[in-house]
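Pasted below: my_file.txt, compact mmCIF, C-alpha atoms.
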```txt
# COMPACT_ATOMS: atom_id res chain seq x y z
CA MET D 15 148.66 111.55 103.69
CA PHE D 16 151.52 109.30 104.73
CA SER D 17 150.28 109.19 108.28
CA SER D 18 146.75 108.20 107.28
CA PHE D 19 148.11 105.37 105.07
CA ALA D 20 150.21 104.18 108.00
CA ALA D 21 147.14 104.29 110.22
CA ILE D 22 145.29 101.94 107.86
CA LYS D 23 148.18 99.52 107.92
CA ILE D 24 148.27 99.59 111.72
CA GLU D 25 144.55 99.00 111.90
CA LEU D 26 144.80 95.99 109.59
CA ARG D 27 147.62 94.53 111.58
CA GLY D 28 145.68 95.16 114.74
CA SER D 29 142.72 93.11 113.48
CA ALA D 30 145.04 90.32 112.33
CA ALA D 31 146.60 90.12 115.75
CA GLY D 32 143.22 89.11 117.10
CA SER D 33 142.81 86.10 114.79
CA ALA D 34 143.00 82.69 116.31
CA ASP D 35 145.09 80.87 113.74
CA GLY D 36 147.31 83.76 112.70
CA ARG D 37 146.68 83.18 108.98
CA ASP D 38 145.24 86.64 108.61
CA ASP D 39 148.75 87.99 109.11
CA ILE D 40 149.68 86.65 105.68
CA LYS D 41 146.67 88.20 104.01
CA HIS D 42 147.16 91.61 105.56
CA ASP D 43 150.83 91.79 104.71
CA CYS D 44 149.76 92.14 101.07
CA GLU D 45 148.86 95.57 99.78
CA PRO D 46 145.11 96.06 100.07
CA MET D 47 143.31 96.25 96.71
CA PRO D 48 141.08 99.28 96.89
CA VAL D 49 138.77 98.34 94.02
CA SER D 50 135.47 100.08 94.65
CA LEU D 51 132.79 97.60 95.62
CA THR D 52 130.17 100.35 95.71
CA ASN D 53 130.86 101.44 92.15
CA SER D 54 131.23 97.87 90.92
CA ARG D 55 127.76 97.22 92.28
CA LEU D 56 126.48 100.37 90.61
CA ILE D 57 127.79 99.11 87.26
CA TYR D 58 126.44 95.63 87.83
CA ASP D 59 122.98 96.88 88.77
CA ALA D 60 122.93 99.07 85.64
CA LEU D 61 123.75 96.02 83.50
CA LYS D 62 120.90 94.12 85.11
CA LYS D 63 118.56 97.03 84.42
CA CYS D 64 119.49 96.73 80.74
CA ASP D 65 118.35 93.11 80.85
CA ILE D 66 121.86 91.70 80.45
CA ARG D 67 121.61 87.98 81.18
CA LEU D 68 125.03 86.72 80.11
CA VAL D 69 128.43 88.11 81.01
CA SER D 70 131.69 86.81 79.64
CA ALA D 71 134.78 87.73 81.58
CA LEU D 72 138.46 87.36 81.90
CA PRO D 73 139.19 88.64 85.38
CA GLU D 74 141.63 91.37 86.23
CA THR D 75 142.08 93.40 89.38
CA TRP D 76 139.57 96.12 88.60
CA LEU D 77 136.91 93.59 87.62
CA VAL D 78 137.06 91.31 90.66
CA HIS D 79 133.86 92.56 92.27
CA LEU D 80 131.95 92.66 88.98
CA VAL D 81 132.90 89.07 88.19
CA ARG D 82 131.98 87.95 91.70
CA LEU D 83 128.61 89.72 91.51
CA ALA D 84 127.87 87.93 88.24
CA ASP D 85 129.00 84.63 89.73
CA GLU D 86 126.73 84.99 92.76
CA ASP D 87 123.69 86.03 90.72
CA PRO D 88 121.49 83.04 89.81
CA GLU D 89 119.88 85.07 87.02
CA MET D 90 123.20 85.65 85.28
CA ILE D 91 125.11 83.26 83.03
CA LEU D 92 128.80 83.91 83.72
CA VAL D 93 131.29 82.56 81.19
CA ARG D 94 134.86 82.68 82.40
CA LEU D 95 137.07 82.69 79.33
CA ALA D 96 140.58 81.52 78.57
CA LYS D 97 141.08 84.43 76.18
CA GLU D 98 138.90 87.46 75.60
CA GLU D 99 138.34 86.84 71.89
CA GLU D 100 136.21 83.81 72.78
CA GLY D 101 133.77 86.30 74.28
CA VAL D 102 132.94 87.66 70.82
CA GLY D 103 131.73 84.21 69.76
CA VAL D 104 129.89 83.63 73.03
CA SER D 105 128.12 86.99 72.76
CA ALA D 106 127.23 86.30 69.12
CA GLY D 107 125.70 82.98 70.15
CA ALA D 108 123.76 84.75 72.90
CA HIS D 109 122.54 87.37 70.42
CA PHE D 110 121.30 84.67 68.04
CA ALA D 111 119.56 83.08 71.02
CA GLY D 112 117.88 86.39 71.86
CA ILE D 113 119.83 86.96 75.09
CA LYS D 114 121.50 90.29 75.82
CA SER D 115 125.10 90.00 76.93
CA ALA D 116 128.09 92.04 78.05
CA MET D 117 131.84 91.44 77.93
CA LEU D 118 134.12 92.32 80.85
CA MET D 119 137.75 92.67 79.92
CA GLN D 120 140.92 94.64 80.41
CA ASN D 121 142.09 96.86 77.57
CA HIS D 122 144.73 94.23 76.81
CA GLY D 123 141.81 91.85 76.33
CA LEU D 124 140.47 94.23 73.71
CA LEU D 125 143.84 93.93 71.97
CA ALA D 126 143.51 90.15 72.11
CA SER D 127 140.00 90.29 70.58
CA ILE D 128 140.59 92.40 67.51
CA ASN D 129 140.17 89.75 64.82
CA GLY D 130 136.98 88.50 66.45
CA ILE D 131 135.63 92.05 66.59
CA VAL D 132 136.48 92.81 62.96
CA SER D 133 135.76 89.52 61.25
CA PHE D 134 132.77 88.48 63.33
CA ALA D 135 131.11 91.38 65.15
CA HIS D 136 131.67 93.94 62.41
CA LEU D 137 131.39 91.58 59.46
CA TYR D 138 128.15 90.02 60.70
CA LYS D 139 126.73 93.07 62.50
CA ILE D 140 126.71 91.62 66.00
CA PRO D 141 125.95 93.96 68.91
CA LEU D 142 128.63 93.81 71.61
CA LEU D 143 128.55 95.72 74.87
CA MET D 144 132.20 95.83 75.95
CA LEU D 145 133.15 97.05 79.41
CA ILE D 146 136.87 97.59 79.29
CA SER D 147 139.05 98.50 82.24
CA TYR D 148 141.28 101.32 81.09
CA ARG D 149 144.61 100.30 82.55
CA GLY D 150 147.83 102.12 81.79
CA SER D 151 146.32 105.58 81.87
CA PHE D 152 146.88 108.50 84.28
CA GLY D 153 147.73 107.26 87.75
CA GLU D 154 148.88 103.80 86.60
CA ARG D 155 151.64 102.38 88.78
CA ASP D 156 152.19 99.05 86.98
CA PRO D 157 154.78 99.59 84.25
CA TRP D 158 153.49 96.60 82.27
CA GLN D 159 150.10 98.21 81.75
CA THR D 160 151.33 101.45 80.26
CA GLN D 161 151.83 100.55 76.60
CA GLY D 162 148.31 99.13 76.34
CA GLY D 163 147.02 102.32 77.89
CA ASN D 164 148.66 104.37 75.16
CA VAL D 165 146.99 102.55 72.30
CA THR D 166 143.51 101.90 73.68
CA GLU D 167 141.70 104.98 72.40
CA PRO D 168 143.55 105.25 69.07
CA LEU D 169 142.69 101.59 68.50
CA LEU D 170 138.99 102.07 69.27
CA ARG D 171 138.93 105.01 66.87
CA ALA D 172 140.74 103.05 64.17
CA LEU D 173 138.23 100.23 64.53
CA GLY D 174 135.35 102.69 64.34
CA ILE D 175 134.02 101.54 67.70
CA PRO D 176 131.93 104.19 69.49
CA TYR D 177 133.18 104.59 73.07
CA ALA D 178 132.57 106.60 76.20
CA PHE D 179 134.01 106.68 79.71
CA LEU D 180 132.57 105.41 82.93
CA ASP D 181 134.24 107.96 85.18
CA ALA D 182 131.60 109.39 87.51
CA VAL D 183 129.01 107.82 89.76
CA GLU D 184 126.22 110.14 88.55
CA THR D 185 126.48 109.10 84.90
CA VAL D 186 127.16 105.34 85.16
CA LYS D 187 123.59 104.15 84.89
CA LYS D 188 122.65 106.41 82.01
CA ARG D 189 125.82 105.74 80.04
CA ILE D 190 125.49 101.98 80.31
CA ARG D 191 121.90 102.24 79.15
CA GLN D 192 122.90 104.47 76.25
CA ALA D 193 125.76 102.18 75.21
CA GLN D 194 123.51 99.13 75.28
CA THR D 195 120.83 100.94 73.29
CA LEU D 196 123.33 101.99 70.63
CA ALA D 197 124.87 98.51 70.38
CA GLU D 198 121.42 96.99 69.81
CA SER D 199 120.17 99.61 67.36
CA SER D 200 123.37 99.81 65.31
CA LEU D 201 124.20 96.09 65.60
CA GLN D 202 127.84 96.78 66.33
CA PRO D 203 130.36 96.76 69.17
CA VAL D 204 130.20 99.68 71.59
CA ALA D 205 132.82 100.22 74.29
CA LEU D 206 132.70 101.71 77.77
CA LEU D 207 136.07 102.47 79.31
CA LEU D 208 136.11 101.85 83.05
CA THR D 209 138.39 104.50 84.52
CA ARG D 210 140.57 104.63 87.60
CA ASP D 211 138.43 107.48 88.98
CA LEU D 212 135.43 105.18 89.16
CA MET D 213 136.99 101.80 89.90
CA TRP D 214 139.70 102.66 92.40
CA GLU D 215 139.34 104.06 95.91
CA GLU D 216 142.56 105.57 97.18
CA MET I 16 137.20 59.56 54.28
CA LEU I 17 135.75 62.63 52.59
CA ARG I 18 134.21 65.44 54.63
CA LEU I 19 131.39 65.76 52.12
CA ASP I 20 130.43 62.10 52.63
CA CYS I 21 130.48 62.65 56.39
CA LEU I 22 128.20 65.68 56.11
CA ARG I 23 125.88 63.82 53.75
CA SER I 24 125.60 60.92 56.20
CA VAL I 25 124.22 63.14 58.98
CA TYR I 26 122.47 65.80 56.90
CA SER I 27 118.96 64.58 57.68
CA GLU I 28 119.72 64.61 61.41
CA LEU I 29 120.69 68.27 61.32
CA GLU I 30 117.12 69.41 60.82
CA ASN I 31 116.26 69.74 64.48
CA CYS I 32 119.41 71.34 65.78
CA LEU I 33 121.33 74.57 65.43
CA VAL I 34 124.39 74.19 63.23
CA VAL I 35 127.47 76.43 63.29
CA THR I 36 130.27 75.84 60.80
CA ILE I 37 133.68 77.31 60.17
CA MET I 38 134.61 79.00 56.91
CA GLY I 39 135.93 77.48 53.72
CA ALA I 40 135.29 73.93 52.60
CA VAL I 41 133.02 72.99 55.52
CA ALA I 42 130.65 75.90 54.86
CA ALA I 43 130.64 75.39 51.08
CA GLU I 44 130.10 71.64 51.26
CA LEU I 45 127.27 71.84 53.77
CA GLN I 46 125.59 74.48 51.60
CA SER I 47 126.05 72.27 48.55
CA LEU I 48 123.85 69.67 50.27
CA GLY I 49 121.15 72.28 50.74
CA HIS I 50 121.05 75.32 52.97
CA ARG I 51 118.61 75.42 55.84
CA PRO I 52 117.65 78.36 58.08
CA ASN I 53 119.15 76.61 61.12
CA PHE I 54 122.65 76.63 59.58
CA PHE I 55 125.07 79.46 60.38
CA TYR I 56 128.37 79.65 58.51
CA LEU I 57 131.05 81.68 60.27
CA GLN I 58 132.92 82.78 57.16
CA HIS I 59 135.88 84.22 59.07
CA ALA I 60 136.93 84.82 62.68
CA MET I 61 138.78 81.51 62.72
CA GLY I 62 138.49 79.73 66.04
CA LEU I 63 135.22 81.28 67.17
CA ALA I 64 132.74 78.73 65.77
CA SER I 65 133.09 76.64 68.94
CA SER I 66 132.70 79.76 71.12
CA THR I 67 129.53 80.64 69.19
CA GLY I 68 128.18 77.14 69.73
CA LEU I 69 128.96 77.47 73.43
CA GLY I 70 127.08 80.78 73.65
CA LEU I 71 124.07 79.24 71.91
CA ALA I 72 124.13 76.12 74.08
CA LEU I 73 124.39 78.08 77.34
CA CYS I 74 121.51 80.38 76.40
CA LEU I 75 119.32 77.60 74.97
CA PRO I 76 120.05 74.60 77.20
CA GLU I 77 117.24 72.48 75.73
CA GLN I 78 118.34 73.02 72.16
CA LYS I 79 120.74 70.68 70.39
CA VAL I 80 123.70 72.55 68.95
CA ILE I 81 126.33 71.11 66.64
CA VAL I 82 129.55 72.85 65.63
CA PHE I 83 131.50 71.75 62.56
CA ASP I 84 135.02 72.90 63.36
CA GLY I 85 138.36 72.22 61.67
CA ASP I 86 141.90 71.48 62.80
CA GLY I 87 143.24 74.86 61.62
CA SER I 88 140.44 76.78 63.33
CA LEU I 89 140.56 74.83 66.56
CA LEU I 90 144.34 75.21 66.78
CA MET I 91 143.78 78.98 66.76
CA ASN I 92 141.52 78.77 69.82
CA LEU I 93 142.50 75.72 71.87
CA GLY I 94 141.37 77.57 74.99
CA SER I 95 137.82 77.11 73.73
CA LEU I 96 138.08 73.42 74.62
CA SER I 97 138.80 74.32 78.24
CA THR I 98 135.95 76.86 78.31
CA MET I 99 133.47 74.38 76.78
CA ALA I 100 134.59 71.70 79.25
CA ARG I 101 134.22 74.11 82.15
CA TYR I 102 130.53 74.74 81.42
CA ARG I 103 129.84 71.35 79.82
CA PRO I 104 126.56 72.00 77.99
CA LYS I 105 125.01 68.57 77.62
CA LYS I 106 123.48 69.18 74.20
CA LEU I 107 126.53 70.62 72.49
CA ALA I 108 128.29 68.42 69.93
CA HIS I 109 131.65 69.62 68.66
CA VAL I 110 132.83 67.95 65.46
CA VAL I 111 136.34 68.70 64.23
CA PHE I 112 137.16 67.81 60.63
CA ASP I 113 140.89 67.19 60.80
CA ASN I 114 142.45 67.18 57.34
CA GLU I 115 145.88 68.14 58.77
CA SER I 116 145.83 71.11 56.44
CA LEU I 117 144.91 74.75 55.97
CA LEU I 118 143.18 73.67 52.81
CA SER I 119 141.46 76.81 51.65
CA VAL I 120 144.70 78.85 51.56
CA GLY I 121 146.61 76.29 49.53
CA GLY I 122 146.93 73.22 51.69
CA PHE I 123 149.67 74.15 54.13
CA PRO I 124 150.12 71.40 56.73
CA THR I 125 148.90 72.11 60.28
CA ALA I 126 150.48 70.74 63.44
CA THR I 127 148.15 67.74 63.42
CA SER I 128 150.19 66.55 60.40
CA THR I 129 153.28 66.40 62.60
CA GLY I 130 151.74 64.61 65.55
CA THR I 131 149.57 67.06 67.49
CA ASP I 132 146.72 64.97 68.85
CA LEU I 133 143.46 66.93 69.05
CA GLU I 134 141.66 64.01 70.69
CA GLY I 135 144.25 63.99 73.45
CA ILE I 136 144.06 67.77 73.85
CA ALA I 137 140.25 67.72 74.04
CA ARG I 138 140.33 64.91 76.59
CA ALA I 139 142.96 66.64 78.70
CA ALA I 140 140.97 69.89 78.52
CA GLY I 141 138.15 68.08 80.26
CA ILE I 142 135.69 67.35 77.44
CA PRO I 143 133.79 64.39 78.89
CA ARG I 144 133.25 62.45 75.64
CA VAL I 145 135.92 62.44 72.98
CA SER I 146 136.55 60.12 70.06
CA THR I 147 138.41 59.95 66.77
CA VAL I 148 136.62 58.50 63.75
CA ARG I 149 138.08 57.37 60.44
CA SER I 150 135.10 55.98 58.54
CA VAL I 151 131.77 57.45 57.45
CA GLU I 152 129.92 54.72 59.37
CA SER I 153 131.69 55.53 62.64
CA PHE I 154 131.26 59.26 61.95
CA LYS I 155 127.52 58.85 61.54
CA ALA I 156 127.28 56.67 64.64
CA GLY I 157 129.36 59.11 66.69
CA VAL I 158 127.35 62.15 65.64
CA SER I 159 124.04 60.33 66.21
CA GLU I 160 125.11 59.43 69.72
CA ALA I 161 126.29 62.98 70.42
CA MET I 162 122.98 64.33 69.12
CA ARG I 163 121.09 62.35 71.72
CA GLY I 164 122.32 65.10 74.02
CA ASP I 165 123.53 63.14 77.03
CA ASP I 166 126.78 65.03 77.41
CA LEU I 167 129.24 67.42 75.79
CA THR I 168 131.05 65.57 73.00
CA THR I 169 134.01 66.29 70.76
CA ILE I 170 134.51 64.09 67.70
CA ILE I 171 137.72 64.30 65.71
CA ALA I 172 136.97 63.18 62.15
CA LYS I 173 140.11 62.40 60.15
CA VAL I 174 139.33 63.41 56.57
CA GLU I 175 141.21 63.83 53.33
CA ALA I 176 142.57 67.25 52.42
CA ALA I 177 140.09 67.68 49.58
CA GLY I 178 137.41 70.28 49.14
CA PRO I 179 135.02 71.89 46.70
CA ALA I 180 136.10 73.77 43.59
CA ALA I 181 134.89 77.09 44.99
CA TYR I 182 134.20 78.52 48.42
CA VAL I 183 132.02 81.53 47.67
CA THR I 184 128.31 80.79 47.51
CA ASP I 185 125.35 82.97 46.62
CA LEU I 186 124.22 83.21 50.24
CA SER I 187 125.31 86.56 51.64
CA LEU I 188 126.84 86.60 55.09
CA LEU I 189 124.30 89.01 56.51
CA GLU I 190 121.35 87.22 54.97
CA ASN I 191 122.55 84.01 56.62
CA ARG I 192 123.05 85.72 59.97
CA PHE I 193 119.64 87.41 60.09
CA GLN I 194 117.83 84.32 58.87
CA PHE I 195 119.57 82.19 61.51
CA ARG I 196 118.58 84.52 64.34
CA ARG I 197 114.99 84.82 63.07
CA HIS I 198 114.76 81.04 62.86
CA ILE I 199 115.82 80.70 66.51
CA GLN I 200 113.38 83.39 67.62
CA SER I 201 110.56 81.62 65.78
CA LEU I 202 111.46 78.38 67.58
CA LYS I 203 111.28 80.19 70.91
CA LYS I 204 107.87 81.63 70.03
CA ARG I 205 106.56 78.20 69.09
CA GLU I 206 107.43 76.96 72.56
```
Structure re-expressed in structure tokens:
Amino acid sequence: MFSSFAAIKIELRGSAAGSADGRDDIKHDCEPMPVSLTNSRLIYDALKKCDIRLVSALPETWLVHLVRLADEDPEMILVRLAKEEEGVGVSAGAHFAGIKSAMLMQNHGLLASINGIVSFAHLYKIPLLMLISYRGSFGERDPWQTQGGNVTEPLLRALGIPYAFLDAVETVKKRIRQAQTLAESSLQPVALLLTRDLMWEE
Amino acid sequence: MLRLDCLRSVYSELENCLVVTIMGAVAAELQSLGHRPNFFYLQHAMGLASSTGLGLALCLPEQKVIVFDGDGSLLMNLGSLSTMARYRPKKLAHVVFDNESLLSVGGFPTATSTGTDLEGIARAAGIPRVSTVRSVESFKAGVSEAMRGDDLTTIIAKVEAAGPAAYVTDLSLLENRFQFRRHIQSLKKRE
């Protein structure tokens, strides 16, 4: 395992050595971010299939490809937020306008959105499709993510928010469809937890 | 300047736009002038009225949208100014009634009472048209201009910290919400 990791590093350095201006050396000295583009695309295509036409997002590492896909798609309205709670209002506005939307956020963004969820989405019965990257769970290396990981599921249960995991390629499409269907029929927030198994290639 | 007089001065102009208000005095006073199906009162979730207006404006770019915000609510979600400015919906008007007070919970002073300048913050956030008004005449003129829909506008209206005797009305939250959405869908069908 160590030798194969080293081989990747050597290969990256080898390609950088061939660059004309040498700037690639800087880029490749950083750790590569193995966020799965294939699975991000799978998720994005499933959202499109559900007729999602607006995505609000506050980027984090696991969401980089999803946000970029939304940004490059002329059919999608992408709203980059300053704080995730704004997304509850934006999605409510979209719902009133008859447009289906989704929210992309980290689990810490869920923590930052709680009042909006309770005193707007729940109080006024607003459907929210929340795709939440489940940081701080098994395999997490960043110490600062771990406390949020501990409270994510207990919090969803306490809020009475139905949730499921996106953890396997085979079930992504169906689960997104099911979550969107439930959000629309029940007029409430529904959460999908994006897991390391799906989002990370290492 | 009283907020109720401001609302009264533009009430007839609100007929052809979508209106989102914050909770408390703004919602109660607008309802006291006569509820309409194109009015949505966000009776909690402080700070999110402007975000709701942004969502509406982005999804319905031809539709005029006006948000009646307040200093206490906006101070809870100042990032909304930067998000609105980033997407700059031309037909979104953002009116902030600044009474320097959290009136509905007993009148505690907000930071605008000690010098925080919402006009300056909105301008620095990138809102293209920003003004502060202190008379009903200038309020009416400012809102009328914003309603022409040439560009995203924030108007800070300095009003007295006075409100209605009661905040609860006989319009249920859910009734308001479903009526508002149905109204918008009927507008879309008419087009």
Need the axis-aligned box for segment 94-109 of chain D with 5 Å each side, so what are the centre and edges in Å to one decimal, as JSON?
```
{"center_x": 131.8, "center_y": 84.6, "center_z": 75.8, "size_x": 28.5, "size_y": 16.1, "size_z": 23.3}
```
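Taking only C-alpha atoms into account, those protein, DNA and RNA residues with any atom at most 8 Å away from (124.6, 90.0, 62.3) amount to Ala135, Leu137, Tyr138, Lys139, Ile140, Pro141 and Leu201 of chain D; Leu189, Arg192 and Phe193 of chain I.
If all atoms listed in the file are the atoms counted, then among D:Val186, D:Ala116, D:Val49, D:Ile131 the closest residue to Met61 of chain I is D:Ile131.
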Among listed residues D:Ala197, D:Ile113, D:Leu143, D:Leu61, nearest chain I (using all atoms listed in the file): D:Ile113
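One finds atom CA of Arg51 of chain I at 10.0 Å from atom CA of Leu33 of chain I.
Minimum distance to chain I across D:Thr209, D:Ser133, D:Ser54, D:Gln194 (counting only C-alpha atoms) occurs at D:Ser133.
Going from atom CA of Ala161 of chain I to atom CA of Asn114 of chain I covers 21.2 Å.
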Can you patch up segment 25-39 of chain I, filling it in to N, CA and C atoms, and show the result as a PDB file, in the frame of the given file?
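Below you can see rebuild32.pdb, which holds the result:
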```
ATOM      1  N   VAL I  25     124.978  62.641  57.819  1.00  0.00           N
ATOM      2  CA  VAL I  25     124.220  63.140  58.980  1.00  0.00           C
ATOM      3  C   VAL I  25     123.264  64.280  58.611  1.00  0.00           C
ATOM      4  N   TYR I  26     123.225  64.613  57.323  1.00  0.00           N
ATOM      5  CA  TYR I  26     122.470  65.800  56.900  1.00  0.00           C
ATOM      6  C   TYR I  26     121.016  65.782  57.404  1.00  0.00           C
ATOM      7  N   SER I  27     120.372  64.628  57.285  1.00  0.00           N
ATOM      8  CA  SER I  27     118.960  64.580  57.680  1.00  0.00           C
ATOM      9  C   SER I  27     118.793  64.777  59.186  1.00  0.00           C
ATOM     10  N   GLU I  28     119.809  64.451  59.948  1.00  0.00           N
ATOM     11  CA  GLU I  28     119.720  64.610  61.410  1.00  0.00           C
ATOM     12  C   GLU I  28     119.930  66.046  61.865  1.00  0.00           C
ATOM     13  N   LEU I  29     120.381  66.887  60.946  1.00  0.00           N
ATOM     14  CA  LEU I  29     120.690  68.270  61.320  1.00  0.00           C
ATOM     15  C   LEU I  29     119.449  69.152  61.382  1.00  0.00           C
ATOM     16  N   GLU I  30     118.327  68.597  60.955  1.00  0.00           N
ATOM     17  CA  GLU I  30     117.120  69.410  60.820  1.00  0.00           C
ATOM     18  C   GLU I  30     116.662  70.033  62.130  1.00  0.00           C
ATOM     19  N   ASN I  31     116.808  69.275  63.211  1.00  0.00           N
ATOM     20  CA  ASN I  31     116.260  69.740  64.480  1.00  0.00           C
ATOM     21  C   ASN I  31     117.302  70.325  65.432  1.00  0.00           C
ATOM     22  N   CYS I  32     118.429  70.735  64.879  1.00  0.00           N
ATOM     23  CA  CYS I  32     119.410  71.340  65.780  1.00  0.00           C
ATOM     24  C   CYS I  32     119.921  72.641  65.165  1.00  0.00           C
ATOM     25  N   LEU I  33     120.685  73.371  65.935  1.00  0.00           N
ATOM     26  CA  LEU I  33     121.330  74.570  65.430  1.00  0.00           C
ATOM     27  C   LEU I  33     122.747  74.185  65.007  1.00  0.00           C
ATOM     28  N   VAL I  34     123.108  74.590  63.801  1.00  0.00           N
ATOM     29  CA  VAL I  34     124.390  74.190  63.230  1.00  0.00           C
ATOM     30  C   VAL I  34     125.264  75.424  63.027  1.00  0.00           C
ATOM     31  N   VAL I  35     126.484  75.365  63.523  1.00  0.00           N
ATOM     32  CA  VAL I  35     127.470  76.430  63.290  1.00  0.00           C
ATOM     33  C   VAL I  35     128.669  75.797  62.607  1.00  0.00           C
ATOM     34  N   THR I  36     129.085  76.371  61.478  1.00  0.00           N
ATOM     35  CA  THR I  36     130.270  75.840  60.800  1.00  0.00           C
ATOM     36  C   THR I  36     131.369  76.891  60.731  1.00  0.00           C
ATOM     37  N   ILE I  37     132.583  76.407  60.485  1.00  0.00           N
ATOM     38  CA  ILE I  37     133.680  77.310  60.170  1.00  0.00           C
ATOM     39  C   ILE I  37     133.599  77.702  58.699  1.00  0.00           C
ATOM     40  N   MET I  38     134.571  78.508  58.291  1.00  0.00           N
ATOM     41  CA  MET I  38     134.610  79.000  56.910  1.00  0.00           C
ATOM     42  C   MET I  38     135.198  77.941  55.959  1.00  0.00           C
ATOM     43  N   GLY I  39     135.221  78.282  54.707  1.00  0.00           N
ATOM     44  CA  GLY I  39     135.930  77.480  53.720  1.00  0.00           C
ATOM     45  C   GLY I  39     135.162  76.253  53.286  1.00  0.00           C
TER      46      GLY I  39
END
```
